[in-house]
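See structure below.
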Amino acid sequence: MVYFGFTCLCLLIAGGAVQRAVAAVRWRCRRRCHHAMVALSVALVLLGLGNALVGAVADDDLKVRVENVTEWWGASIFVLGFVSLAAMWRRCRLQLSLHDGGP
């Protein structure tokens, strides 16, 4: 639950940052990638809400089945979100370098 919750938050934060960068014209990316991030974020939130609603009103058997399905779909959305983000980074030739800050 912690993994899914925080990964969802991170994906939403990354999607918001992409949206702000595109709006400020600091980052040019394909519209498809930008729309994919937004669509995946919305789908993830809707999936979580659906899971919560079914959990509140359904019996235990249905609740377990719906939980399994939503976890797999959620994990698939995470992977697609990471692929979309990586595609945008690659297209923009974004590079990250790590160093210790020393001389």
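To be explicit about the labels: the chains of the structure tokens are called A, B, and onward in the order shown, and within each one the residues are counted from 1, while ligands get numbers from 1 in the order they are shown.
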
Contact residues around region 40-52 of chain A with only C-alpha atoms at 10 Å, ignoring same-chain residues under 4 positions, as an MDAnalysis selection string: chainID A and resid 4:5 8:9 11:16 35:36 56:57 63 66:71 73:78 80:81 84

Quick one: pick out all alpha helix (DSSP H) residues within region 18-95 of chain A from a backbone DSSP run and write them as an MDAnalysis selection string. chainID A and resid 18:23 31:57 60:91

One residue among A:Cys10, A:Val18, A:Ala39, A:Val2 is nearest to Trp89 (chain A) when using only C-alpha atoms, and that residue is A:Val18

Pick from A:Ala23, A:Met37, A:Ala17, A:Ala58, whichever lies nearest to Phe82 (chain A) using only C-alpha atoms: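 Selected residue with least distance to Phe82 (chain A): A:Met37.
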